[in-house]
Amino acid sequence: DVAGLVVDARHPLLHTPPELDAHVARRLKKPLGLVLNKIDAIPRAAAEAWAEHLLAALPGVDAVVGFSSKDGGGGAGGQRATRIAGPRD
């Protein structure tokens, strides 16, 4: 099992409950992945910087993945997920 949280890539901390990573990691004992939604709305360098910051600031987060439904790629409706950072070692 894994827990996932979808946050807006333009300001992911605004959509990240402060205690969620600790709750998922310590109490539920599950890995937590963050999905940066609307990844096409920010530059790739900004997404990478957010991913690095989120992994450093939130110890319960194991990986950060970007998602966009606009930039093509395979899948239904041109949706595409891109691994940005993680998993933690």
# chains A, B, ... in the order shown; residues from 1 in each chain; ligands from 1
>>> residues_around(residues="A:His11", least_positions_apart="2", cutoff="12 Å", atoms="only C-alpha atoms", output="list in words")
Val6, Val7, Asp8, Ala9, Leu13, Leu14, His15, Thr16, Leu36, Asn37, Lys38, Ile39, Ala41, Ile42, Ala46, Ala47, Ala49, Trp50, Ala51, His53 and Leu54 of chain A
>>> write_last_selection(atoms="all heavy atoms", output="compact mmCIF listing (two decimals), in the first residue's frame")
# COMPACT_ATOMS: atom_id res chain seq x y z
N VAL A 6 -2.12 14.71 -4.09
CA VAL A 6 -2.03 15.54 -5.28
C VAL A 6 -2.03 17.00 -4.85
O VAL A 6 -2.92 17.44 -4.13
CB VAL A 6 -3.21 15.26 -6.24
CG1 VAL A 6 -3.12 16.16 -7.47
CG2 VAL A 6 -3.24 13.79 -6.63
N VAL A 7 -0.99 17.73 -5.26
CA VAL A 7 -0.85 19.15 -4.92
C VAL A 7 -0.59 19.96 -6.18
O VAL A 7 -0.06 19.45 -7.16
CB VAL A 7 0.29 19.37 -3.89
CG1 VAL A 7 -0.01 18.67 -2.58
CG2 VAL A 7 1.63 18.92 -4.43
N ASP A 8 -0.96 21.21 -6.15
CA ASP A 8 -0.75 22.11 -7.29
C ASP A 8 0.73 22.44 -7.40
O ASP A 8 1.35 22.90 -6.43
CB ASP A 8 -1.57 23.38 -7.09
CG ASP A 8 -1.66 24.23 -8.34
OD1 ASP A 8 -0.61 24.46 -8.98
OD2 ASP A 8 -2.76 24.68 -8.67
N ALA A 9 1.32 22.23 -8.56
CA ALA A 9 2.75 22.45 -8.76
C ALA A 9 3.15 23.92 -8.61
O ALA A 9 4.30 24.22 -8.33
CB ALA A 9 3.17 21.95 -10.14
N LEU A 13 3.24 23.69 -1.22
CA LEU A 13 3.13 23.78 0.24
C LEU A 13 1.76 24.30 0.67
O LEU A 13 1.28 23.98 1.75
CB LEU A 13 4.24 24.66 0.81
CG LEU A 13 5.64 24.05 0.75
CD1 LEU A 13 6.66 25.03 1.30
CD2 LEU A 13 5.69 22.74 1.51
N LEU A 14 1.13 25.08 -0.18
CA LEU A 14 -0.19 25.61 0.13
C LEU A 14 -1.22 24.48 0.24
O LEU A 14 -2.20 24.60 0.96
CB LEU A 14 -0.61 26.61 -0.96
CG LEU A 14 -1.90 27.37 -0.74
CD1 LEU A 14 -1.77 28.29 0.47
CD2 LEU A 14 -2.23 28.19 -1.97
N HIS A 15 -0.97 23.38 -0.46
CA HIS A 15 -1.91 22.27 -0.51
C HIS A 15 -1.44 21.05 0.27
O HIS A 15 -2.00 19.96 0.13
CB HIS A 15 -2.15 21.87 -1.97
CG HIS A 15 -2.58 23.02 -2.82
ND1 HIS A 15 -3.86 23.50 -2.82
CD2 HIS A 15 -1.88 23.83 -3.65
CE1 HIS A 15 -3.95 24.53 -3.63
NE2 HIS A 15 -2.75 24.76 -4.14
N THR A 16 -0.40 21.21 1.07
CA THR A 16 0.16 20.09 1.82
C THR A 16 -0.11 20.28 3.31
O THR A 16 0.48 21.16 3.94
CB THR A 16 1.69 19.99 1.59
OG1 THR A 16 1.93 19.93 0.18
CG2 THR A 16 2.26 18.76 2.25
N LEU A 36 2.81 16.41 -8.17
CA LEU A 36 2.73 17.82 -8.53
C LEU A 36 1.84 17.92 -9.76
O LEU A 36 2.25 17.60 -10.88
CB LEU A 36 4.11 18.41 -8.82
CG LEU A 36 5.09 18.47 -7.66
CD1 LEU A 36 6.41 19.06 -8.13
CD2 LEU A 36 4.53 19.26 -6.51
N ASN A 37 0.61 18.35 -9.57
CA ASN A 37 -0.36 18.48 -10.65
C ASN A 37 -0.12 19.80 -11.38
O ASN A 37 0.42 20.74 -10.82
CB ASN A 37 -1.78 18.45 -10.06
CG ASN A 37 -2.83 18.25 -11.11
OD1 ASN A 37 -2.58 17.70 -12.17
ND2 ASN A 37 -4.04 18.68 -10.81
N LYS A 38 -0.52 19.87 -12.63
CA LYS A 38 -0.34 21.06 -13.48
C LYS A 38 1.14 21.38 -13.67
O LYS A 38 1.55 22.54 -13.68
CB LYS A 38 -1.08 22.26 -12.89
CG LYS A 38 -2.57 22.03 -12.74
CD LYS A 38 -3.25 23.24 -12.15
CE LYS A 38 -4.71 22.93 -11.94
NZ LYS A 38 -5.43 24.03 -11.31
N ILE A 39 1.94 20.35 -13.83
CA ILE A 39 3.39 20.51 -13.97
C ILE A 39 3.75 21.35 -15.20
O ILE A 39 4.80 21.98 -15.24
CB ILE A 39 4.08 19.13 -13.99
CG1 ILE A 39 5.56 19.26 -13.67
CG2 ILE A 39 3.89 18.42 -15.30
CD1 ILE A 39 5.84 19.36 -12.23
N ALA A 41 2.48 24.08 -15.95
CA ALA A 41 2.29 25.50 -15.65
C ALA A 41 3.54 26.16 -15.07
O ALA A 41 3.55 27.38 -14.87
CB ALA A 41 1.12 25.67 -14.67
N ILE A 42 4.58 25.37 -14.81
CA ILE A 42 5.81 25.92 -14.25
C ILE A 42 7.01 25.39 -15.03
O ILE A 42 6.92 24.33 -15.66
CB ILE A 42 5.97 25.59 -12.75
CG1 ILE A 42 6.08 24.08 -12.51
CG2 ILE A 42 4.82 26.18 -11.94
CD1 ILE A 42 6.41 23.69 -11.08
N ALA A 46 11.85 24.77 -11.89
CA ALA A 46 11.05 25.07 -10.70
C ALA A 46 10.47 23.79 -10.11
O ALA A 46 10.44 23.62 -8.89
CB ALA A 46 9.94 26.06 -11.03
N ALA A 47 10.01 22.90 -10.96
CA ALA A 47 9.47 21.62 -10.49
C ALA A 47 10.55 20.81 -9.77
O ALA A 47 10.30 20.22 -8.72
CB ALA A 47 8.89 20.82 -11.66
N ALA A 49 13.21 22.02 -8.31
CA ALA A 49 13.52 22.71 -7.05
C ALA A 49 12.46 22.42 -5.99
O ALA A 49 12.79 22.17 -4.83
CB ALA A 49 13.64 24.22 -7.28
N TRP A 50 11.19 22.44 -6.40
CA TRP A 50 10.12 22.09 -5.45
C TRP A 50 10.28 20.66 -4.96
O TRP A 50 10.12 20.38 -3.77
CB TRP A 50 8.74 22.26 -6.09
CG TRP A 50 8.14 23.61 -5.92
CD1 TRP A 50 7.74 24.46 -6.92
CD2 TRP A 50 7.83 24.29 -4.70
NE1 TRP A 50 7.23 25.61 -6.39
CE2 TRP A 50 7.26 25.52 -5.03
CE3 TRP A 50 8.00 23.97 -3.35
CZ2 TRP A 50 6.85 26.44 -4.06
CZ3 TRP A 50 7.58 24.88 -2.39
CH2 TRP A 50 7.02 26.09 -2.75
N ALA A 51 10.58 19.76 -5.87
CA ALA A 51 10.74 18.35 -5.48
C ALA A 51 11.86 18.19 -4.46
O ALA A 51 11.68 17.50 -3.44
CB ALA A 51 11.01 17.49 -6.71
N HIS A 53 13.03 20.47 -2.43
CA HIS A 53 12.60 21.12 -1.18
C HIS A 53 11.60 20.24 -0.42
O HIS A 53 11.71 20.09 0.80
CB HIS A 53 11.98 22.48 -1.47
CG HIS A 53 11.44 23.13 -0.24
ND1 HIS A 53 12.25 23.71 0.72
CD2 HIS A 53 10.16 23.25 0.21
CE1 HIS A 53 11.49 24.17 1.70
NE2 HIS A 53 10.23 23.91 1.42
N LEU A 54 10.64 19.68 -1.12
CA LEU A 54 9.62 18.86 -0.46
C LEU A 54 10.23 17.61 0.17
O LEU A 54 9.87 17.23 1.28
CB LEU A 54 8.52 18.48 -1.46
CG LEU A 54 7.66 19.66 -1.92
CD1 LEU A 54 6.86 19.26 -3.15
CD2 LEU A 54 6.76 20.14 -0.81
>>> residues_around(residues="A:Gly33", least_positions_apart="4", cutoff="8 Å", atoms="only C-alpha atoms", output="VMD selection string")
chain A and resid 2 to 5 61 to 65
>>> write_last_selection(atoms="N, CA and C atoms", output="PDB file, in the first residue's frame")
ATOM      1  N   VAL A   2       0.356   2.290  -0.597  1.00  0.00           N
ATOM      2  CA  VAL A   2       1.042   3.575  -0.639  1.00  0.00           C
ATOM      3  C   VAL A   2      -0.013   4.672  -0.542  1.00  0.00           C
ATOM      4  N   ALA A   3       0.345   5.783   0.060  1.00  0.00           N
ATOM      5  CA  ALA A   3      -0.550   6.940   0.121  1.00  0.00           C
ATOM      6  C   ALA A   3      -0.037   7.978  -0.861  1.00  0.00           C
ATOM      7  N   GLY A   4      -0.956   8.667  -1.502  1.00  0.00           N
ATOM      8  CA  GLY A   4      -0.580   9.698  -2.455  1.00  0.00           C
ATOM      9  C   GLY A   4      -1.326  10.987  -2.166  1.00  0.00           C
ATOM     10  N   LEU A   5      -0.668  12.100  -2.412  1.00  0.00           N
ATOM     11  CA  LEU A   5      -1.273  13.411  -2.224  1.00  0.00           C
ATOM     12  C   LEU A   5      -1.038  14.218  -3.489  1.00  0.00           C
ATOM     13  N   VAL A  61       7.769  12.111   3.114  1.00  0.00           N
ATOM     14  CA  VAL A  61       7.562  12.010   1.664  1.00  0.00           C
ATOM     15  C   VAL A  61       8.672  11.159   1.060  1.00  0.00           C
ATOM     16  N   ASP A  62       8.284  10.137   0.294  1.00  0.00           N
ATOM     17  CA  ASP A  62       9.256   9.216  -0.292  1.00  0.00           C
ATOM     18  C   ASP A  62       9.597   9.526  -1.738  1.00  0.00           C
ATOM     19  N   ALA A  63       8.670  10.142  -2.471  1.00  0.00           N
ATOM     20  CA  ALA A  63       8.917  10.439  -3.883  1.00  0.00           C
ATOM     21  C   ALA A  63       8.019  11.583  -4.319  1.00  0.00           C
ATOM     22  N   VAL A  64       8.467  12.299  -5.353  1.00  0.00           N
ATOM     23  CA  VAL A  64       7.680  13.378  -5.943  1.00  0.00           C
ATOM     24  C   VAL A  64       7.575  13.108  -7.434  1.00  0.00           C
ATOM     25  N   VAL A  65       6.341  13.164  -7.933  1.00  0.00           N
ATOM     26  CA  VAL A  65       6.069  12.886  -9.343  1.00  0.00           C
ATOM     27  C   VAL A  65       5.307  14.064  -9.917  1.00  0.00           C
TER      28      VAL A  65
END
>>> atom_distance(atom1="atom CA of A:Leu20", atom2="atom CA of A:Ala57")
12.6 Å
>>> atom_distance(atom1="atom CA of A:Gly66", atom2="atom CA of A:Lys30")
20.3 Å
>>> closest_residue(among="A:Leu28, A:Ala45, A:Ala56, A:Val35", to="A:Pro12", atoms="only C-alpha atoms")
A:Val35
>>> atom_distance(atom1="atom CA of A:Leu32", atom2="atom CA of A:Glu19")
12.3 Å
>>> select_by_dssp(residues="stretch 4-79 of chain A", states="helix (DSSP H, G or I)", output="PyMOL selection string")
chain A and resi 12-15+20-28+39-41+44-57+76-78
>>> decode(residues="stretch 13-27 of chain A", atoms="all heavy atoms", output="PDB file, in the first residue's frame")
ATOM      1  N   LEU A  13       3.244  23.685  -1.220  1.00  0.00           N
ATOM      2  CA  LEU A  13       3.127  23.778   0.237  1.00  0.00           C
ATOM      3  C   LEU A  13       1.764  24.295   0.668  1.00  0.00           C
ATOM      4  O   LEU A  13       1.283  23.979   1.751  1.00  0.00           O
ATOM      5  CB  LEU A  13       4.237  24.655   0.815  1.00  0.00           C
ATOM      6  CG  LEU A  13       5.636  24.050   0.749  1.00  0.00           C
ATOM      7  CD1 LEU A  13       6.659  25.032   1.297  1.00  0.00           C
ATOM      8  CD2 LEU A  13       5.693  22.741   1.506  1.00  0.00           C
ATOM      9  N   LEU A  14       1.130  25.085  -0.178  1.00  0.00           N
ATOM     10  CA  LEU A  14      -0.192  25.608   0.129  1.00  0.00           C
ATOM     11  C   LEU A  14      -1.217  24.483   0.239  1.00  0.00           C
ATOM     12  O   LEU A  14      -2.200  24.604   0.963  1.00  0.00           O
ATOM     13  CB  LEU A  14      -0.609  26.607  -0.959  1.00  0.00           C
ATOM     14  CG  LEU A  14      -1.898  27.373  -0.737  1.00  0.00           C
ATOM     15  CD1 LEU A  14      -1.769  28.287   0.473  1.00  0.00           C
ATOM     16  CD2 LEU A  14      -2.226  28.189  -1.970  1.00  0.00           C
ATOM     17  N   HIS A  15      -0.970  23.384  -0.458  1.00  0.00           N
ATOM     18  CA  HIS A  15      -1.912  22.267  -0.511  1.00  0.00           C
ATOM     19  C   HIS A  15      -1.439  21.048   0.271  1.00  0.00           C
ATOM     20  O   HIS A  15      -2.003  19.964   0.131  1.00  0.00           O
ATOM     21  CB  HIS A  15      -2.153  21.872  -1.971  1.00  0.00           C
ATOM     22  CG  HIS A  15      -2.583  23.024  -2.815  1.00  0.00           C
ATOM     23  ND1 HIS A  15      -3.864  23.501  -2.823  1.00  0.00           N
ATOM     24  CD2 HIS A  15      -1.879  23.833  -3.645  1.00  0.00           C
ATOM     25  CE1 HIS A  15      -3.951  24.534  -3.626  1.00  0.00           C
ATOM     26  NE2 HIS A  15      -2.755  24.756  -4.138  1.00  0.00           N
ATOM     27  N   THR A  16      -0.395  21.211   1.065  1.00  0.00           N
ATOM     28  CA  THR A  16       0.163  20.090   1.822  1.00  0.00           C
ATOM     29  C   THR A  16      -0.114  20.283   3.308  1.00  0.00           C
ATOM     30  O   THR A  16       0.478  21.163   3.940  1.00  0.00           O
ATOM     31  CB  THR A  16       1.687  19.993   1.592  1.00  0.00           C
ATOM     32  OG1 THR A  16       1.933  19.930   0.185  1.00  0.00           O
ATOM     33  CG2 THR A  16       2.260  18.763   2.253  1.00  0.00           C
ATOM     34  N   PRO A  17      -1.019  19.492   3.873  1.00  0.00           N
ATOM     35  CA  PRO A  17      -1.277  19.607   5.310  1.00  0.00           C
ATOM     36  C   PRO A  17      -0.001  19.339   6.110  1.00  0.00           C
ATOM     37  O   PRO A  17       0.690  18.343   5.863  1.00  0.00           O
ATOM     38  CB  PRO A  17      -2.324  18.521   5.581  1.00  0.00           C
ATOM     39  CG  PRO A  17      -2.950  18.259   4.241  1.00  0.00           C
ATOM     40  CD  PRO A  17      -1.865  18.498   3.235  1.00  0.00           C
ATOM     41  N   PRO A  18       0.349  20.200   7.048  1.00  0.00           N
ATOM     42  CA  PRO A  18       1.631  20.107   7.755  1.00  0.00           C
ATOM     43  C   PRO A  18       1.896  18.768   8.443  1.00  0.00           C
ATOM     44  O   PRO A  18       3.022  18.308   8.475  1.00  0.00           O
ATOM     45  CB  PRO A  18       1.560  21.237   8.782  1.00  0.00           C
ATOM     46  CG  PRO A  18       0.532  22.170   8.276  1.00  0.00           C
ATOM     47  CD  PRO A  18      -0.423  21.354   7.473  1.00  0.00           C
ATOM     48  N   GLU A  19       0.898  18.145   8.984  1.00  0.00           N
ATOM     49  CA  GLU A  19       1.117  16.916   9.738  1.00  0.00           C
ATOM     50  C   GLU A  19       0.839  15.643   8.939  1.00  0.00           C
ATOM     51  O   GLU A  19       0.969  14.543   9.459  1.00  0.00           O
ATOM     52  CB  GLU A  19       0.261  16.920  11.005  1.00  0.00           C
ATOM     53  CG  GLU A  19       0.639  18.017  11.978  1.00  0.00           C
ATOM     54  CD  GLU A  19       2.068  17.868  12.485  1.00  0.00           C
ATOM     55  OE1 GLU A  19       2.500  16.731  12.754  1.00  0.00           O
ATOM     56  OE2 GLU A  19       2.755  18.896  12.619  1.00  0.00           O
ATOM     57  N   LEU A  20       0.463  15.777   7.681  1.00  0.00           N
ATOM     58  CA  LEU A  20       0.085  14.598   6.904  1.00  0.00           C
ATOM     59  C   LEU A  20       1.240  13.632   6.702  1.00  0.00           C
ATOM     60  O   LEU A  20       1.081  12.421   6.860  1.00  0.00           O
ATOM     61  CB  LEU A  20      -0.493  14.993   5.544  1.00  0.00           C
ATOM     62  CG  LEU A  20      -0.939  13.821   4.678  1.00  0.00           C
ATOM     63  CD1 LEU A  20      -2.136  13.130   5.335  1.00  0.00           C
ATOM     64  CD2 LEU A  20      -1.276  14.281   3.290  1.00  0.00           C
ATOM     65  N   ASP A  21       2.423  14.139   6.363  1.00  0.00           N
ATOM     66  CA  ASP A  21       3.546  13.240   6.113  1.00  0.00           C
ATOM     67  C   ASP A  21       3.913  12.452   7.364  1.00  0.00           C
ATOM     68  O   ASP A  21       4.171  11.255   7.308  1.00  0.00           O
ATOM     69  CB  ASP A  21       4.760  13.988   5.546  1.00  0.00           C
ATOM     70  CG  ASP A  21       5.327  15.008   6.499  1.00  0.00           C
ATOM     71  OD1 ASP A  21       4.555  15.813   7.038  1.00  0.00           O
ATOM     72  OD2 ASP A  21       6.556  14.985   6.707  1.00  0.00           O
ATOM     73  N   ALA A  22       3.887  13.113   8.518  1.00  0.00           N
ATOM     74  CA  ALA A  22       4.203  12.414   9.771  1.00  0.00           C
ATOM     75  C   ALA A  22       3.129  11.372  10.094  1.00  0.00           C
ATOM     76  O   ALA A  22       3.448  10.257  10.523  1.00  0.00           O
ATOM     77  CB  ALA A  22       4.329  13.412  10.911  1.00  0.00           C
ATOM     78  N   HIS A  23       1.874  11.715   9.874  1.00  0.00           N
ATOM     79  CA  HIS A  23       0.785  10.774  10.148  1.00  0.00           C
ATOM     80  C   HIS A  23       0.893   9.526   9.276  1.00  0.00           C
ATOM     81  O   HIS A  23       0.794   8.402   9.762  1.00  0.00           O
ATOM     82  CB  HIS A  23      -0.571  11.451   9.924  1.00  0.00           C
ATOM     83  CG  HIS A  23      -1.733  10.538  10.059  1.00  0.00           C
ATOM     84  ND1 HIS A  23      -2.160  10.058  11.280  1.00  0.00           N
ATOM     85  CD2 HIS A  23      -2.547   9.986   9.125  1.00  0.00           C
ATOM     86  CE1 HIS A  23      -3.202   9.251  11.080  1.00  0.00           C
ATOM     87  NE2 HIS A  23      -3.445   9.199   9.789  1.00  0.00           N
ATOM     88  N   VAL A  24       1.126   9.736   8.006  1.00  0.00           N
ATOM     89  CA  VAL A  24       1.211   8.603   7.076  1.00  0.00           C
ATOM     90  C   VAL A  24       2.436   7.747   7.382  1.00  0.00           C
ATOM     91  O   VAL A  24       2.356   6.517   7.441  1.00  0.00           O
ATOM     92  CB  VAL A  24       1.235   9.094   5.611  1.00  0.00           C
ATOM     93  CG1 VAL A  24       1.539   7.950   4.654  1.00  0.00           C
ATOM     94  CG2 VAL A  24      -0.099   9.727   5.250  1.00  0.00           C
ATOM     95  N   ALA A  25       3.576   8.389   7.620  1.00  0.00           N
ATOM     96  CA  ALA A  25       4.817   7.643   7.843  1.00  0.00           C
ATOM     97  C   ALA A  25       4.850   6.955   9.204  1.00  0.00           C
ATOM     98  O   ALA A  25       5.197   5.773   9.302  1.00  0.00           O
ATOM     99  CB  ALA A  25       6.020   8.575   7.707  1.00  0.00           C
ATOM    100  N   ARG A  26       4.476   7.674  10.252  1.00  0.00           N
ATOM    101  CA  ARG A  26       4.613   7.115  11.605  1.00  0.00           C
ATOM    102  C   ARG A  26       3.425   6.274  12.045  1.00  0.00           C
ATOM    103  O   ARG A  26       3.592   5.196  12.593  1.00  0.00           O
ATOM    104  CB  ARG A  26       4.816   8.250  12.605  1.00  0.00           C
ATOM    105  CG  ARG A  26       6.134   8.945  12.412  1.00  0.00           C
ATOM    106  CD  ARG A  26       6.332  10.015  13.464  1.00  0.00           C
ATOM    107  NE  ARG A  26       7.409  10.901  13.038  1.00  0.00           N
ATOM    108  CZ  ARG A  26       7.393  12.205  13.219  1.00  0.00           C
ATOM    109  NH1 ARG A  26       6.383  12.790  13.817  1.00  0.00           N
ATOM    110  NH2 ARG A  26       8.400  12.930  12.800  1.00  0.00           N
ATOM    111  N   ARG A  27       2.232   6.800  11.842  1.00  0.00           N
ATOM    112  CA  ARG A  27       1.049   6.094  12.341  1.00  0.00           C
ATOM    113  C   ARG A  27       0.581   5.005  11.383  1.00  0.00           C
ATOM    114  O   ARG A  27       0.320   3.884  11.789  1.00  0.00           O
ATOM    115  CB  ARG A  27      -0.069   7.084  12.625  1.00  0.00           C
ATOM    116  CG  ARG A  27      -1.255   6.429  13.275  1.00  0.00           C
ATOM    117  CD  ARG A  27      -2.210   7.471  13.810  1.00  0.00           C
ATOM    118  NE  ARG A  27      -3.382   6.808  14.331  1.00  0.00           N
ATOM    119  CZ  ARG A  27      -3.732   6.808  15.585  1.00  0.00           C
ATOM    120  NH1 ARG A  27      -2.980   7.443  16.464  1.00  0.00           N
ATOM    121  NH2 ARG A  27      -4.815   6.196  15.978  1.00  0.00           N
TER     122      ARG A  27
END
